[in-house]
Amino acid sequence: FMPGVSSAQSSQDGRERRSNSTLGQNYPNPFNPETHIPFSVGDSPTCSDNSKQYRVSLKVYTVISTLVATPILQSATSGVAGGQPLEKLSLPCGEYVAYWDGKIQANGREAASGTYYYRLEVDGVPSVRKMIVVK
């Protein structure tokens, strides 16, 4: 389900790089009640093929792989409008920031303190990182 973080290549800035996409560490981490998740798709920042679209999903899970939330797209360098849930979203090459309000999607309650994982999938290739909620 989730690839090991250690199997991904890390760049010097602490981001995971897989198939021309990066998944950065959420900030702040640990957090309460909300967090931001930086990521990029394509060969950003050079973006040699601006016409290509990538299928992007970002999800937050518990340590036992239960879906907690789908963060929303907050900002982008490519001019894409924010506010959209990051579920099978078609995005051009660029750098992005996702936002999670710390609430459980199913019931709207705040997530409990603990460790969570967030999983970015770009064109079917996953990257995973860990985050911590502290109350």
# chains A, B, ... in the order shown; residues from 1 in each chain; ligands from 1
$ closest_atom_pairs --of "region 20-61 of chain A" --to "region 99-110 of chain A" --cutoff "10 Å" --atoms "only C-alpha atoms" --output "tab-separated table"
residue	atom	partner	partner_atom	distance
A:Asn26	CA	A:Tyr99	CA	9.3
A:Tyr27	CA	A:Tyr99	CA	10.0
A:Phe31	CA	A:Gly102	CA	8.7
A:Asn32	CA	A:Gly102	CA	7.3
A:Pro33	CA	A:Gly102	CA	5.3
A:Glu34	CA	A:Asp101	CA	4.4
A:Thr35	CA	A:Trp100	CA	5.5
A:His36	CA	A:Tyr99	CA	4.6
A:Ile37	CA	A:Tyr99	CA	6.3
A:Pro38	CA	A:Tyr99	CA	9.0
A:Lys59	CA	A:Trp100	CA	9.8
A:Val60	CA	A:Trp100	CA	8.8
A:Tyr61	CA	A:Ile104	CA	10.0
$ select_by_dssp --residues "chain A" --states "strand (DSSP E)" --output "PyMOL selection string"
chain A and resi 9-10+16-18+21-23+35-41+53-62+67-69+72-76+89-92+94-100+114-122+125-133
$ atom_distance --atom1 "CA of Tyr118 (chain A)" --atom2 "CA of Cys93 (chain A)"
20.6 Å
$ atom_distance --atom1 "CA of Ser75 (chain A)" --atom2 "CA of Thr22 (chain A)"
15.6 Å
$ atom_distance --atom1 "CA of Asn50 (chain A)" --atom2 "CA of Glu95 (chain A)"
12.6 Å
$ residues_around --residues "Thr62 (chain A)" --least-positions-apart "2" --cutoff "12 Å" --atoms "only C-alpha atoms" --output "CSV table (one decimal) with N, CA, C and O atoms, in the first residue's frame"
chain,number,residue,atom,x,y,z
A,2,MET,N,1.7,1.3,1.0
A,2,MET,CA,2.6,2.5,1.1
A,2,MET,C,4.0,2.2,0.9
A,2,MET,O,4.5,1.3,1.7
A,59,LYS,N,-3.4,12.1,-0.2
A,59,LYS,CA,-4.3,11.6,0.9
A,59,LYS,C,-3.5,11.5,2.2
A,59,LYS,O,-2.3,11.3,2.2
A,60,VAL,N,-4.3,11.6,3.3
A,60,VAL,CA,-3.7,11.5,4.6
A,60,VAL,C,-4.3,10.2,5.2
A,60,VAL,O,-5.5,10.0,5.1
A,64,ILE,N,-2.5,2.7,10.4
A,64,ILE,CA,-3.1,1.4,9.9
A,64,ILE,C,-3.8,1.5,8.6
A,64,ILE,O,-4.6,0.7,8.2
A,65,SER,N,-3.4,2.6,7.9
A,65,SER,CA,-3.9,2.8,6.5
A,65,SER,C,-5.3,3.2,6.3
A,65,SER,O,-5.9,2.9,5.2
A,66,THR,N,-6.0,3.7,7.3
A,66,THR,CA,-7.3,4.2,7.2
A,66,THR,C,-7.3,5.6,6.6
A,66,THR,O,-6.5,6.5,7.1
A,67,LEU,N,-8.1,5.9,5.6
A,67,LEU,CA,-8.1,7.2,5.0
A,67,LEU,C,-8.7,8.2,6.0
A,67,LEU,O,-9.7,8.0,6.7
A,68,VAL,N,-7.9,9.3,6.2
A,68,VAL,CA,-8.3,10.4,7.1
A,68,VAL,C,-8.9,11.6,6.4
A,68,VAL,O,-9.9,12.1,6.7
A,69,ALA,N,-8.2,12.0,5.3
A,69,ALA,CA,-8.6,13.2,4.6
A,69,ALA,C,-7.9,13.3,3.3
A,69,ALA,O,-6.9,12.7,3.0
A,104,ILE,N,-11.0,15.2,10.3
A,104,ILE,CA,-11.3,13.9,9.7
A,104,ILE,C,-12.4,14.1,8.6
A,104,ILE,O,-13.4,14.7,8.9
A,111,ALA,N,-8.5,15.6,14.0
A,111,ALA,CA,-7.8,14.4,14.1
A,111,ALA,C,-7.1,14.3,15.5
A,111,ALA,O,-6.7,15.3,16.0
A,112,ALA,N,-7.1,13.1,16.1
A,112,ALA,CA,-6.4,12.9,17.4
A,112,ALA,C,-4.9,13.1,17.3
A,112,ALA,O,-4.3,12.9,16.2
A,113,SER,N,-4.3,13.3,18.4
A,113,SER,CA,-2.8,13.3,18.5
A,113,SER,C,-2.3,12.0,18.0
A,113,SER,O,-2.9,11.0,18.2
A,114,GLY,N,-1.2,12.1,17.2
A,114,GLY,CA,-0.5,10.8,16.8
A,114,GLY,C,0.2,11.0,15.5
A,114,GLY,O,0.3,12.1,15.0
A,115,THR,N,0.6,9.9,15.0
A,115,THR,CA,1.4,9.9,13.7
A,115,THR,C,0.4,9.6,12.6
A,115,THR,O,-0.4,8.7,12.7
A,116,TYR,N,0.6,10.3,11.5
A,116,TYR,CA,-0.2,10.1,10.3
A,116,TYR,C,0.8,10.1,9.1
A,116,TYR,O,1.9,10.5,9.2
A,117,TYR,N,0.3,9.5,8.0
A,117,TYR,CA,1.1,9.5,6.8
A,117,TYR,C,0.4,10.2,5.7
A,117,TYR,O,-0.9,10.1,5.6
A,118,TYR,N,1.1,10.9,4.8
A,118,TYR,CA,0.5,11.5,3.7
A,118,TYR,C,1.1,10.9,2.4
A,118,TYR,O,2.3,10.7,2.4
A,119,ARG,N,0.3,10.6,1.4
A,119,ARG,CA,0.7,9.8,0.3
A,119,ARG,C,0.4,10.6,-1.0
A,119,ARG,O,-0.8,10.9,-1.3
A,129,ARG,N,5.2,10.3,3.2
A,129,ARG,CA,6.0,11.0,4.3
A,129,ARG,C,5.1,10.9,5.6
A,129,ARG,O,3.9,10.7,5.5
A,130,LYS,N,5.8,11.1,6.7
A,130,LYS,CA,5.1,11.0,8.0
A,130,LYS,C,4.9,12.4,8.6
A,130,LYS,O,5.7,13.3,8.4
A,131,MET,N,3.8,12.6,9.3
A,131,MET,CA,3.5,13.9,10.0
A,131,MET,C,3.0,13.5,11.4
A,131,MET,O,2.5,12.4,11.6
A,132,ILE,N,3.1,14.5,12.3
A,132,ILE,CA,2.6,14.3,13.7
A,132,ILE,C,1.7,15.4,14.1
A,132,ILE,O,1.9,16.6,13.9
A,133,VAL,N,0.5,15.0,14.6
A,133,VAL,CA,-0.5,15.9,15.2
A,133,VAL,C,-0.3,15.9,16.7
A,133,VAL,O,-0.2,14.8,17.3
$ decode --residues "region 4-124 of chain A" --atoms "C-alpha atoms" --output "CSV table (one decimal), in the first residue's frame"
chain,number,residue,atom,x,y,z
A,4,GLY,CA,8.8,2.9,2.4
A,5,VAL,CA,10.2,6.4,2.8
A,6,SER,CA,13.7,4.9,2.8
A,7,SER,CA,13.2,3.5,-0.7
A,8,ALA,CA,12.8,6.9,-2.2
A,9,GLN,CA,15.7,9.1,-3.2
A,10,SER,CA,16.1,12.3,-1.1
A,11,SER,CA,17.3,15.5,-2.5
A,12,GLN,CA,19.5,17.9,-0.5
A,13,ASP,CA,16.4,20.0,0.7
A,14,GLY,CA,14.8,16.9,2.3
A,15,ARG,CA,12.2,16.3,-0.4
A,16,GLU,CA,11.5,12.8,-1.8
A,17,ARG,CA,12.0,12.6,-5.6
A,18,ARG,CA,10.4,9.9,-7.6
A,19,SER,CA,9.7,10.0,-11.4
A,20,ASN,CA,10.1,13.8,-11.7
A,21,SER,CA,7.9,14.7,-8.7
A,22,THR,CA,8.8,15.7,-5.2
A,23,LEU,CA,7.0,15.4,-1.9
A,24,GLY,CA,8.2,17.8,0.8
A,25,GLN,CA,7.9,17.6,4.5
A,26,ASN,CA,4.7,19.2,5.9
A,27,TYR,CA,5.0,22.4,7.9
A,28,PRO,CA,4.8,22.9,10.7
A,29,ASN,CA,5.5,19.4,11.9
A,30,PRO,CA,4.4,18.5,14.5
A,31,PHE,CA,1.3,20.6,14.1
A,32,ASN,CA,-2.1,21.6,15.6
A,33,PRO,CA,-4.6,22.2,14.1
A,34,GLU,CA,-3.5,22.7,10.5
A,35,THR,CA,-0.6,22.0,8.1
A,36,HIS,CA,0.7,22.7,4.6
A,37,ILE,CA,2.3,20.1,2.3
A,38,PRO,CA,4.7,21.2,-0.4
A,39,PHE,CA,5.1,19.1,-3.6
A,40,SER,CA,6.0,19.4,-7.2
A,41,VAL,CA,5.1,17.5,-10.4
A,42,GLY,CA,7.1,17.2,-13.5
A,43,ASP,CA,10.6,18.4,-13.8
A,44,SER,CA,9.9,21.6,-11.8
A,45,PRO,CA,11.4,24.2,-11.6
A,46,THR,CA,12.6,23.9,-15.3
A,47,CYS,CA,9.3,22.4,-16.6
A,48,SER,CA,10.6,21.5,-20.1
A,49,ASP,CA,7.2,20.2,-21.2
A,50,ASN,CA,4.5,22.7,-20.1
A,51,SER,CA,1.8,21.0,-22.1
A,52,LYS,CA,1.9,17.7,-20.2
A,53,GLN,CA,-0.7,17.1,-17.6
A,54,TYR,CA,-0.1,14.8,-14.5
A,55,ARG,CA,-2.8,12.9,-12.6
A,56,VAL,CA,-2.2,13.9,-8.9
A,57,SER,CA,-3.8,12.6,-5.7
A,58,LEU,CA,-2.8,13.4,-2.1
A,59,LYS,CA,-4.3,11.6,0.9
A,60,VAL,CA,-3.7,11.5,4.6
A,61,TYR,CA,-3.9,8.1,6.4
A,62,THR,CA,-3.6,6.7,9.9
A,63,VAL,CA,-0.7,4.3,10.7
A,64,ILE,CA,-3.1,1.4,9.9
A,65,SER,CA,-3.9,2.8,6.5
A,66,THR,CA,-7.3,4.2,7.2
A,67,LEU,CA,-8.1,7.2,5.0
A,68,VAL,CA,-8.3,10.4,7.1
A,69,ALA,CA,-8.6,13.2,4.6
A,70,THR,CA,-7.9,14.6,1.2
A,71,PRO,CA,-6.0,17.9,1.4
A,72,ILE,CA,-7.0,20.8,-0.9
A,73,LEU,CA,-4.7,22.5,-3.3
A,74,GLN,CA,-3.8,25.9,-1.7
A,75,SER,CA,-1.4,27.5,-4.1
A,76,ALA,CA,0.6,26.8,-7.3
A,77,THR,CA,3.3,28.4,-9.4
A,78,SER,CA,1.6,27.3,-12.6
A,79,GLY,CA,-1.5,29.5,-12.3
A,80,VAL,CA,-3.9,26.6,-11.3
A,81,ALA,CA,-6.7,27.7,-9.1
A,82,GLY,CA,-6.6,26.6,-5.5
A,83,GLY,CA,-9.4,25.2,-3.3
A,84,GLN,CA,-9.8,21.9,-5.2
A,85,PRO,CA,-9.5,18.5,-3.4
A,86,LEU,CA,-6.3,16.7,-4.5
A,87,GLU,CA,-8.0,13.6,-5.8
A,88,LYS,CA,-7.2,12.6,-9.4
A,89,LEU,CA,-6.6,16.3,-10.2
A,90,SER,CA,-5.0,17.0,-13.6
A,91,LEU,CA,-2.1,19.4,-13.0
A,92,PRO,CA,0.7,20.8,-15.2
A,93,CYS,CA,4.3,20.8,-14.3
A,94,GLY,CA,4.9,23.1,-11.3
A,95,GLU,CA,5.3,23.6,-7.6
A,96,TYR,CA,2.3,23.3,-5.3
A,97,VAL,CA,1.2,23.6,-1.7
A,98,ALA,CA,-1.6,21.5,-0.3
A,99,TYR,CA,-3.5,22.4,2.9
A,100,TRP,CA,-5.1,20.1,5.5
A,101,ASP,CA,-7.2,21.7,8.3
A,102,GLY,CA,-6.5,18.7,10.6
A,103,LYS,CA,-10.1,17.4,10.4
A,104,ILE,CA,-11.3,13.9,9.7
A,105,GLN,CA,-13.0,13.9,6.3
A,106,ALA,CA,-15.8,11.4,7.3
A,107,ASN,CA,-17.1,13.3,10.4
A,108,GLY,CA,-15.5,16.8,10.5
A,109,ARG,CA,-13.9,16.2,13.9
A,110,GLU,CA,-10.3,17.2,14.6
A,111,ALA,CA,-7.8,14.4,14.1
A,112,ALA,CA,-6.4,12.9,17.4
A,113,SER,CA,-2.8,13.3,18.5
A,114,GLY,CA,-0.5,10.8,16.8
A,115,THR,CA,1.4,9.9,13.7
A,116,TYR,CA,-0.2,10.1,10.3
A,117,TYR,CA,1.1,9.5,6.8
A,118,TYR,CA,0.5,11.5,3.7
A,119,ARG,CA,0.7,9.8,0.3
A,120,LEU,CA,1.3,11.7,-3.0
A,121,GLU,CA,0.6,9.8,-6.2
A,122,VAL,CA,1.6,11.3,-9.5
A,123,ASP,CA,0.7,9.3,-12.6
A,124,GLY,CA,0.4,6.2,-10.4
